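Below is work10.cif, holding mmCIF, N, CA and C atoms, pLDDT in the B column; chains and numbers go by the auth columns.
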```
data_protein
loop_
_atom_site.group_PDB
_atom_site.id
_atom_site.type_symbol
_atom_site.label_atom_id
_atom_site.label_comp_id
_atom_site.label_asym_id
_atom_site.label_seq_id
_atom_site.Cartn_x
_atom_site.Cartn_y
_atom_site.Cartn_z
_atom_site.B_iso_or_equiv
_atom_site.auth_seq_id
_atom_site.auth_asym_id
ATOM 1 N N MET A 1 197.580 -64.905 92.608 66.00 1 A
ATOM 2 C CA MET A 1 197.221 -65.448 93.904 66.00 1 A
ATOM 3 C C MET A 1 195.704 -65.369 94.071 66.00 1 A
ATOM 4 N N ASP A 2 195.171 -66.337 94.743 81.00 2 A
ATOM 5 C CA ASP A 2 193.718 -66.327 94.895 81.00 2 A
ATOM 6 C C ASP A 2 193.294 -65.459 96.078 81.00 2 A
ATOM 7 N N ARG A 3 192.037 -65.141 96.069 85.00 3 A
ATOM 8 C CA ARG A 3 191.480 -64.219 97.067 85.00 3 A
ATOM 9 C C ARG A 3 191.606 -64.752 98.488 85.00 3 A
ATOM 10 N N ASN A 4 191.456 -66.059 98.657 88.00 4 A
ATOM 11 C CA ASN A 4 191.555 -66.636 100.004 88.00 4 A
ATOM 12 C C ASN A 4 192.955 -66.458 100.584 88.00 4 A
ATOM 13 N N TYR A 5 193.960 -66.645 99.740 89.00 5 A
ATOM 14 C CA TYR A 5 195.342 -66.465 100.188 89.00 5 A
ATOM 15 C C TYR A 5 195.578 -65.007 100.590 89.00 5 A
ATOM 16 N N ILE A 6 195.129 -64.077 99.750 89.00 6 A
ATOM 17 C CA ILE A 6 195.282 -62.651 100.043 89.00 6 A
ATOM 18 C C ILE A 6 194.550 -62.307 101.336 89.00 6 A
ATOM 19 N N TYR A 7 193.339 -62.821 101.480 90.00 7 A
ATOM 20 C CA TYR A 7 192.538 -62.578 102.685 90.00 7 A
ATOM 21 C C TYR A 7 193.292 -63.050 103.932 90.00 7 A
ATOM 22 N N ASP A 8 193.841 -64.264 103.867 92.00 8 A
ATOM 23 C CA ASP A 8 194.572 -64.817 105.011 92.00 8 A
ATOM 24 C C ASP A 8 195.803 -63.977 105.350 92.00 8 A
ATOM 25 N N GLN A 9 196.524 -63.539 104.331 93.00 9 A
ATOM 26 C CA GLN A 9 197.713 -62.715 104.562 93.00 9 A
ATOM 27 C C GLN A 9 197.341 -61.368 105.179 93.00 9 A
ATOM 28 N N LEU A 10 196.263 -60.763 104.682 94.00 10 A
ATOM 29 C CA LEU A 10 195.804 -59.491 105.244 94.00 10 A
ATOM 30 C C LEU A 10 195.341 -59.664 106.687 94.00 10 A
ATOM 31 N N ARG A 11 194.652 -60.754 106.959 95.00 11 A
ATOM 32 C CA ARG A 11 194.196 -61.027 108.330 95.00 11 A
ATOM 33 C C ARG A 11 195.391 -61.119 109.276 95.00 11 A
ATOM 34 N N ASP A 12 196.433 -61.838 108.859 95.00 12 A
ATOM 35 C CA ASP A 12 197.632 -61.970 109.690 95.00 12 A
ATOM 36 C C ASP A 12 198.347 -60.628 109.854 95.00 12 A
ATOM 37 N N LEU A 13 198.407 -59.851 108.778 95.00 13 A
ATOM 38 C CA LEU A 13 199.045 -58.538 108.824 95.00 13 A
ATOM 39 C C LEU A 13 198.293 -57.602 109.769 95.00 13 A
ATOM 40 N N ILE A 14 196.982 -57.625 109.701 96.00 14 A
ATOM 41 C CA ILE A 14 196.156 -56.793 110.584 96.00 14 A
ATOM 42 C C ILE A 14 196.333 -57.219 112.042 96.00 14 A
ATOM 43 N N SER A 15 196.348 -58.511 112.279 95.00 15 A
ATOM 44 C CA SER A 15 196.549 -59.019 113.639 95.00 15 A
ATOM 45 C C SER A 15 197.899 -58.562 114.192 95.00 15 A
ATOM 46 N N ASP A 16 198.929 -58.664 113.376 94.00 16 A
ATOM 47 C CA ASP A 16 200.255 -58.221 113.795 94.00 16 A
ATOM 48 C C ASP A 16 200.265 -56.713 114.068 94.00 16 A
ATOM 49 N N GLY A 17 199.594 -55.954 113.212 94.00 17 A
ATOM 50 C CA GLY A 17 199.511 -54.507 113.402 94.00 17 A
ATOM 51 C C GLY A 17 198.784 -54.138 114.682 94.00 17 A
ATOM 52 N N LEU A 18 197.714 -54.855 114.985 93.00 18 A
ATOM 53 C CA LEU A 18 196.976 -54.593 116.231 93.00 18 A
ATOM 54 C C LEU A 18 197.842 -54.874 117.450 93.00 18 A
ATOM 55 N N ASN A 19 198.601 -55.961 117.392 92.00 19 A
ATOM 56 C CA ASN A 19 199.499 -56.281 118.506 92.00 19 A
ATOM 57 C C ASN A 19 200.586 -55.222 118.657 92.00 19 A
ATOM 58 N N THR A 20 201.106 -54.744 117.546 90.00 20 A
ATOM 59 C CA THR A 20 202.130 -53.699 117.570 90.00 20 A
ATOM 60 C C THR A 20 201.550 -52.398 118.101 90.00 20 A
ATOM 61 N N MET A 21 200.324 -52.095 117.715 85.00 21 A
ATOM 62 C CA MET A 21 199.666 -50.848 118.085 85.00 21 A
ATOM 63 C C MET A 21 199.371 -50.771 119.585 85.00 21 A
ATOM 64 N N LYS A 22 199.276 -51.912 120.247 84.00 22 A
ATOM 65 C CA LYS A 22 198.975 -51.933 121.683 84.00 22 A
ATOM 66 C C LYS A 22 200.067 -51.272 122.515 84.00 22 A
ATOM 67 N N ASP A 23 201.269 -51.205 121.978 80.00 23 A
ATOM 68 C CA ASP A 23 202.394 -50.614 122.697 80.00 23 A
ATOM 69 C C ASP A 23 202.361 -49.098 122.523 80.00 23 A
ATOM 70 N N HIS A 24 201.879 -48.390 123.547 77.00 24 A
ATOM 71 C CA HIS A 24 201.765 -46.931 123.457 77.00 24 A
ATOM 72 C C HIS A 24 203.124 -46.242 123.527 77.00 24 A
ATOM 73 N N THR A 25 204.179 -46.995 123.830 86.00 25 A
ATOM 74 C CA THR A 25 205.530 -46.436 123.796 86.00 25 A
ATOM 75 C C THR A 25 206.227 -46.804 122.490 86.00 25 A
ATOM 76 N N LEU A 26 205.442 -47.176 121.504 89.00 26 A
ATOM 77 C CA LEU A 26 205.962 -47.590 120.202 89.00 26 A
ATOM 78 C C LEU A 26 206.837 -46.490 119.615 89.00 26 A
ATOM 79 N N SER A 27 208.021 -46.872 119.203 92.00 27 A
ATOM 80 C CA SER A 27 208.960 -45.889 118.652 92.00 27 A
ATOM 81 C C SER A 27 208.762 -45.741 117.145 92.00 27 A
ATOM 82 N N GLU A 28 209.262 -44.665 116.630 93.00 28 A
ATOM 83 C CA GLU A 28 209.195 -44.421 115.185 93.00 28 A
ATOM 84 C C GLU A 28 209.963 -45.499 114.402 93.00 28 A
ATOM 85 N N PRO A 29 211.165 -45.914 114.854 94.00 29 A
ATOM 86 C CA PRO A 29 211.861 -46.993 114.138 94.00 29 A
ATOM 87 C C PRO A 29 211.075 -48.315 114.127 94.00 29 A
ATOM 88 N N ALA A 30 210.396 -48.630 115.225 92.00 30 A
ATOM 89 C CA ALA A 30 209.582 -49.853 115.261 92.00 30 A
ATOM 90 C C ALA A 30 208.412 -49.733 114.294 92.00 30 A
ATOM 91 N N TYR A 31 207.804 -48.559 114.226 92.00 31 A
ATOM 92 C CA TYR A 31 206.733 -48.318 113.253 92.00 31 A
ATOM 93 C C TYR A 31 207.261 -48.487 111.837 92.00 31 A
ATOM 94 N N ASP A 32 208.440 -47.935 111.567 94.00 32 A
ATOM 95 C CA ASP A 32 209.024 -48.038 110.227 94.00 32 A
ATOM 96 C C ASP A 32 209.237 -49.490 109.815 94.00 32 A
ATOM 97 N N ILE A 33 209.653 -50.320 110.762 94.00 33 A
ATOM 98 C CA ILE A 33 209.842 -51.749 110.473 94.00 33 A
ATOM 99 C C ILE A 33 208.508 -52.388 110.116 94.00 33 A
ATOM 100 N N TRP A 34 207.466 -52.107 110.909 95.00 34 A
ATOM 101 C CA TRP A 34 206.148 -52.674 110.613 95.00 34 A
ATOM 102 C C TRP A 34 205.634 -52.163 109.266 95.00 34 A
ATOM 103 N N LEU A 35 205.866 -50.894 108.978 96.00 35 A
ATOM 104 C CA LEU A 35 205.410 -50.316 107.718 96.00 35 A
ATOM 105 C C LEU A 35 206.072 -51.008 106.534 96.00 35 A
ATOM 106 N N LYS A 36 207.381 -51.210 106.581 96.00 36 A
ATOM 107 C CA LYS A 36 208.088 -51.899 105.486 96.00 36 A
ATOM 108 C C LYS A 36 207.563 -53.323 105.335 96.00 36 A
ATOM 109 N N TYR A 37 207.325 -53.983 106.456 96.00 37 A
ATOM 110 C CA TYR A 37 206.768 -55.338 106.445 96.00 37 A
ATOM 111 C C TYR A 37 205.395 -55.340 105.769 96.00 37 A
ATOM 112 N N SER A 38 204.550 -54.388 106.132 96.00 38 A
ATOM 113 C CA SER A 38 203.201 -54.345 105.555 96.00 38 A
ATOM 114 C C SER A 38 203.254 -54.038 104.060 96.00 38 A
ATOM 115 N N GLU A 39 204.140 -53.145 103.665 96.00 39 A
ATOM 116 C CA GLU A 39 204.281 -52.826 102.239 96.00 39 A
ATOM 117 C C GLU A 39 204.731 -54.054 101.452 96.00 39 A
ATOM 118 N N LYS A 40 205.672 -54.809 102.005 95.00 40 A
ATOM 119 C CA LYS A 40 206.185 -56.001 101.316 95.00 40 A
ATOM 120 C C LYS A 40 205.095 -57.070 101.204 95.00 40 A
ATOM 121 N N ILE A 41 204.326 -57.269 102.266 94.00 41 A
ATOM 122 C CA ILE A 41 203.231 -58.245 102.218 94.00 41 A
ATOM 123 C C ILE A 41 202.221 -57.846 101.144 94.00 41 A
ATOM 124 N N LEU A 42 201.856 -56.571 101.098 93.00 42 A
ATOM 125 C CA LEU A 42 200.906 -56.115 100.077 93.00 42 A
ATOM 126 C C LEU A 42 201.480 -56.272 98.674 93.00 42 A
ATOM 127 N N GLU A 43 202.751 -55.961 98.526 93.00 43 A
ATOM 128 C CA GLU A 43 203.381 -56.099 97.209 93.00 43 A
ATOM 129 C C GLU A 43 203.343 -57.551 96.735 93.00 43 A
ATOM 130 N N ILE A 44 203.711 -58.451 97.606 92.00 44 A
ATOM 131 C CA ILE A 44 203.765 -59.869 97.238 92.00 44 A
ATOM 132 C C ILE A 44 202.373 -60.429 96.962 92.00 44 A
ATOM 133 N N THR A 45 201.408 -60.077 97.792 90.00 45 A
ATOM 134 C CA THR A 45 200.094 -60.722 97.694 90.00 45 A
ATOM 135 C C THR A 45 199.138 -60.069 96.710 90.00 45 A
ATOM 136 N N THR A 46 199.297 -58.784 96.430 88.00 46 A
ATOM 137 C CA THR A 46 198.284 -58.113 95.599 88.00 46 A
ATOM 138 C C THR A 46 198.776 -57.661 94.232 88.00 46 A
ATOM 139 N N LYS A 47 200.063 -57.798 93.927 86.00 47 A
ATOM 140 C CA LYS A 47 200.575 -57.253 92.666 86.00 47 A
ATOM 141 C C LYS A 47 199.904 -57.868 91.443 86.00 47 A
ATOM 142 N N ASP A 48 199.580 -59.139 91.485 86.00 48 A
ATOM 143 C CA ASP A 48 198.913 -59.777 90.347 86.00 48 A
ATOM 144 C C ASP A 48 197.397 -59.669 90.438 86.00 48 A
ATOM 145 N N TYR A 49 196.880 -59.539 91.638 86.00 49 A
ATOM 146 C CA TYR A 49 195.432 -59.473 91.835 86.00 49 A
ATOM 147 C C TYR A 49 194.903 -58.077 91.530 86.00 49 A
ATOM 148 N N ASN A 50 195.486 -57.063 92.178 88.00 50 A
ATOM 149 C CA ASN A 50 195.056 -55.676 91.974 88.00 50 A
ATOM 150 C C ASN A 50 196.170 -54.743 92.462 88.00 50 A
ATOM 151 N N PRO A 51 197.045 -54.302 91.557 90.00 51 A
ATOM 152 C CA PRO A 51 198.183 -53.468 91.954 90.00 51 A
ATOM 153 C C PRO A 51 197.784 -52.133 92.582 90.00 51 A
ATOM 154 N N SER A 52 196.570 -51.681 92.329 93.00 52 A
ATOM 155 C CA SER A 52 196.155 -50.393 92.899 93.00 52 A
ATOM 156 C C SER A 52 196.008 -50.463 94.420 93.00 52 A
ATOM 157 N N ILE A 53 195.862 -51.651 94.975 93.00 53 A
ATOM 158 C CA ILE A 53 195.773 -51.796 96.434 93.00 53 A
ATOM 159 C C ILE A 53 197.059 -51.272 97.074 93.00 53 A
ATOM 160 N N LEU A 54 198.198 -51.705 96.555 94.00 54 A
ATOM 161 C CA LEU A 54 199.476 -51.236 97.090 94.00 54 A
ATOM 162 C C LEU A 54 199.683 -49.756 96.791 94.00 54 A
ATOM 163 N N MET A 55 199.355 -49.327 95.591 95.00 55 A
ATOM 164 C CA MET A 55 199.551 -47.920 95.225 95.00 55 A
ATOM 165 C C MET A 55 198.740 -46.999 96.143 95.00 55 A
ATOM 166 N N ASN A 56 197.503 -47.363 96.419 96.00 56 A
ATOM 167 C CA ASN A 56 196.666 -46.554 97.314 96.00 56 A
ATOM 168 C C ASN A 56 197.210 -46.562 98.742 96.00 56 A
ATOM 169 N N TYR A 57 197.747 -47.696 99.156 96.00 57 A
ATOM 170 C CA TYR A 57 198.346 -47.802 100.493 96.00 57 A
ATOM 171 C C TYR A 57 199.555 -46.874 100.605 96.00 57 A
ATOM 172 N N LEU A 58 200.403 -46.902 99.591 96.00 58 A
ATOM 173 C CA LEU A 58 201.587 -46.044 99.596 96.00 58 A
ATOM 174 C C LEU A 58 201.194 -44.567 99.582 96.00 58 A
ATOM 175 N N ARG A 59 200.136 -44.253 98.871 97.00 59 A
ATOM 176 C CA ARG A 59 199.638 -42.877 98.836 97.00 59 A
ATOM 177 C C ARG A 59 199.143 -42.458 100.227 97.00 59 A
ATOM 178 N N LEU A 60 198.407 -43.352 100.886 97.00 60 A
ATOM 179 C CA LEU A 60 197.924 -43.074 102.242 97.00 60 A
ATOM 180 C C LEU A 60 199.094 -42.790 103.180 97.00 60 A
ATOM 181 N N VAL A 61 200.093 -43.640 103.127 96.00 61 A
ATOM 182 C CA VAL A 61 201.253 -43.500 104.011 96.00 61 A
ATOM 183 C C VAL A 61 201.997 -42.193 103.729 96.00 61 A
ATOM 184 N N SER A 62 202.157 -41.865 102.468 95.00 62 A
ATOM 185 C CA SER A 62 202.909 -40.649 102.135 95.00 62 A
ATOM 186 C C SER A 62 202.163 -39.378 102.534 95.00 62 A
ATOM 187 N N ASN A 63 200.845 -39.466 102.670 95.00 63 A
ATOM 188 C CA ASN A 63 200.052 -38.300 103.053 95.00 63 A
ATOM 189 C C ASN A 63 199.864 -38.155 104.564 95.00 63 A
ATOM 190 N N MET A 64 200.410 -39.087 105.343 94.00 64 A
ATOM 191 C CA MET A 64 200.269 -39.010 106.799 94.00 64 A
ATOM 192 C C MET A 64 201.101 -37.858 107.348 94.00 64 A
ATOM 193 N N ASP A 65 200.590 -37.254 108.396 91.00 65 A
ATOM 194 C CA ASP A 65 201.305 -36.184 109.092 91.00 65 A
ATOM 195 C C ASP A 65 202.488 -36.801 109.846 91.00 65 A
ATOM 196 N N SER A 66 203.668 -36.308 109.594 87.00 66 A
ATOM 197 C CA SER A 66 204.866 -36.879 110.221 87.00 66 A
ATOM 198 C C SER A 66 204.889 -36.679 111.740 87.00 66 A
ATOM 199 N N TYR A 67 204.050 -35.792 112.250 92.00 67 A
ATOM 200 C CA TYR A 67 204.013 -35.538 113.689 92.00 67 A
ATOM 201 C C TYR A 67 203.036 -36.449 114.434 92.00 67 A
ATOM 202 N N MET A 68 202.321 -37.282 113.700 92.00 68 A
ATOM 203 C CA MET A 68 201.396 -38.217 114.350 92.00 68 A
ATOM 204 C C MET A 68 202.192 -39.256 115.132 92.00 68 A
ATOM 205 N N PRO A 69 201.678 -39.694 116.278 92.00 69 A
ATOM 206 C CA PRO A 69 202.355 -40.774 117.004 92.00 69 A
ATOM 207 C C PRO A 69 202.327 -42.062 116.171 92.00 69 A
ATOM 208 N N PRO A 70 203.353 -42.901 116.314 92.00 70 A
ATOM 209 C CA PRO A 70 203.429 -44.130 115.514 92.00 70 A
ATOM 210 C C PRO A 70 202.200 -45.034 115.640 92.00 70 A
ATOM 211 N N TYR A 71 201.641 -45.162 116.856 89.00 71 A
ATOM 212 C CA TYR A 71 200.479 -46.046 117.001 89.00 71 A
ATOM 213 C C TYR A 71 199.281 -45.513 116.222 89.00 71 A
ATOM 214 N N GLN A 72 199.199 -44.196 116.061 91.00 72 A
ATOM 215 C CA GLN A 72 198.111 -43.603 115.286 91.00 72 A
ATOM 216 C C GLN A 72 198.319 -43.854 113.784 91.00 72 A
ATOM 217 N N LYS A 73 199.562 -43.824 113.347 94.00 73 A
ATOM 218 C CA LYS A 73 199.872 -44.120 111.944 94.00 73 A
ATOM 219 C C LYS A 73 199.505 -45.567 111.616 94.00 73 A
ATOM 220 N N ILE A 74 199.864 -46.471 112.526 94.00 74 A
ATOM 221 C CA ILE A 74 199.499 -47.875 112.304 94.00 74 A
ATOM 222 C C ILE A 74 197.981 -48.010 112.258 94.00 74 A
ATOM 223 N N GLY A 75 197.285 -47.278 113.097 93.00 75 A
ATOM 224 C CA GLY A 75 195.820 -47.313 113.091 93.00 75 A
ATOM 225 C C GLY A 75 195.247 -46.920 111.738 93.00 75 A
ATOM 226 N N MET A 76 195.815 -45.901 111.119 95.00 76 A
ATOM 227 C CA MET A 76 195.343 -45.487 109.796 95.00 76 A
ATOM 228 C C MET A 76 195.631 -46.564 108.753 95.00 76 A
ATOM 229 N N CYS A 77 196.796 -47.182 108.854 97.00 77 A
ATOM 230 C CA CYS A 77 197.139 -48.276 107.939 97.00 77 A
ATOM 231 C C CYS A 77 196.163 -49.437 108.121 97.00 77 A
ATOM 232 N N LEU A 78 195.868 -49.757 109.368 96.00 78 A
ATOM 233 C CA LEU A 78 194.955 -50.864 109.647 96.00 78 A
ATOM 234 C C LEU A 78 193.551 -50.571 109.133 96.00 78 A
ATOM 235 N N ASP A 79 193.097 -49.343 109.263 96.00 79 A
ATOM 236 C CA ASP A 79 191.786 -48.976 108.707 96.00 79 A
ATOM 237 C C ASP A 79 191.736 -49.289 107.218 96.00 79 A
ATOM 238 N N TYR A 80 192.779 -48.909 106.505 97.00 80 A
ATOM 239 C CA TYR A 80 192.837 -49.171 105.066 97.00 80 A
ATOM 240 C C TYR A 80 192.851 -50.679 104.789 97.00 80 A
ATOM 241 N N LEU A 81 193.699 -51.410 105.508 96.00 81 A
ATOM 242 C CA LEU A 81 193.810 -52.852 105.275 96.00 81 A
ATOM 243 C C LEU A 81 192.496 -53.569 105.569 96.00 81 A
ATOM 244 N N ILE A 82 191.790 -53.131 106.587 96.00 82 A
ATOM 245 C CA ILE A 82 190.489 -53.734 106.913 96.00 82 A
ATOM 246 C C ILE A 82 189.492 -53.470 105.792 96.00 82 A
ATOM 247 N N ARG A 83 189.490 -52.263 105.254 95.00 83 A
ATOM 248 C CA ARG A 83 188.585 -51.952 104.131 95.00 83 A
ATOM 249 C C ARG A 83 188.907 -52.815 102.913 95.00 83 A
ATOM 250 N N VAL A 84 190.191 -53.000 102.642 93.00 84 A
ATOM 251 C CA VAL A 84 190.592 -53.856 101.514 93.00 84 A
ATOM 252 C C VAL A 84 190.119 -55.281 101.756 93.00 84 A
ATOM 253 N N MET A 85 190.319 -55.761 102.954 91.00 85 A
ATOM 254 C CA MET A 85 189.922 -57.126 103.290 91.00 85 A
ATOM 255 C C MET A 85 188.417 -57.319 103.116 91.00 85 A
ATOM 256 N N GLN A 86 187.631 -56.312 103.461 91.00 86 A
ATOM 257 C CA GLN A 86 186.177 -56.404 103.317 91.00 86 A
ATOM 258 C C GLN A 86 185.756 -56.448 101.850 91.00 86 A
ATOM 259 N N MET A 87 186.575 -55.889 100.965 88.00 87 A
ATOM 260 C CA MET A 87 186.237 -55.880 99.538 88.00 87 A
ATOM 261 C C MET A 87 186.582 -57.189 98.841 88.00 87 A
ATOM 262 N N LEU A 88 187.393 -58.021 99.482 84.00 88 A
ATOM 263 C CA LEU A 88 187.797 -59.282 98.838 84.00 88 A
ATOM 264 C C LEU A 88 186.663 -60.277 98.784 84.00 88 A
#
```

Could you express the structure from this file as structure tokens?
Amino acid sequence: MDRNYIYDQLRDLISDGLNTMKDHTLSEPAYDIWLKYSEKILEITTKDYNPSILMNYLRLVSNMDSYMPPYQKIGMCLDYLIRVMQML
């Protein structure tokens, strides 16, 4: 996949994450759905371009404190996705 396609997908994923993050009553199950969605988007778009993008994302997620509120977890994911997008 080309960089422009990956960039566009990441932009849409980040936008969706920001909209999800606005809900301060965000539940853990809703966060889990967004997380699976983000992992799948990264898998599809970056596996041929740079597989380490997904691996680093999964590492970030696995190292998160389980007691963090869901909106804060999404914020950490978005920070990573924004950094990846800037490197493209």

Segment 2-72 of chain A: which residues are helix (DSSP H, G or I) by DSSP, as a ChimeraX atom specification? /A:3-21,28-46,52-62,70-72

For Leu13 of chain A, work out the shell of residues within 8 Å, counting only N, CA and C atoms and skipping chain neighbours fewer than 3 positions away, then give it as a ChimeraX atom specification. /A:7-10,16-19,37-38,41,78,81

Between A:Leu60, A:Val84, A:Tyr71, A:Thr46, which one has atoms that come closest to Pro29 of chain A, using only C-alpha atoms?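 Of A:Leu60, A:Val84, A:Tyr71, A:Thr46, the one nearest Pro29 of chain A, counting only C-alpha atoms, is A:Tyr71.
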
I need the residue nearest Asp23 of chain A from this list: A:Met85, A:Pro70, A:Asp65, A:Ile53. Use all atoms listed in the file for the distance.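 Answer, going by the shortest atom-to-atom distance: A:Pro70.
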
Option closest in space to Val61 of chain A, from A:Ile33, A:Met87, A:Met21, A:Met76 [counting all atoms listed in the file]: A:Met76

Tell me, in Å to one decimal, how far atom CA of Arg59 of chain A is from atom CA of Asp12 of chain A.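 Between these atoms lies a distance of 22.1 Å.
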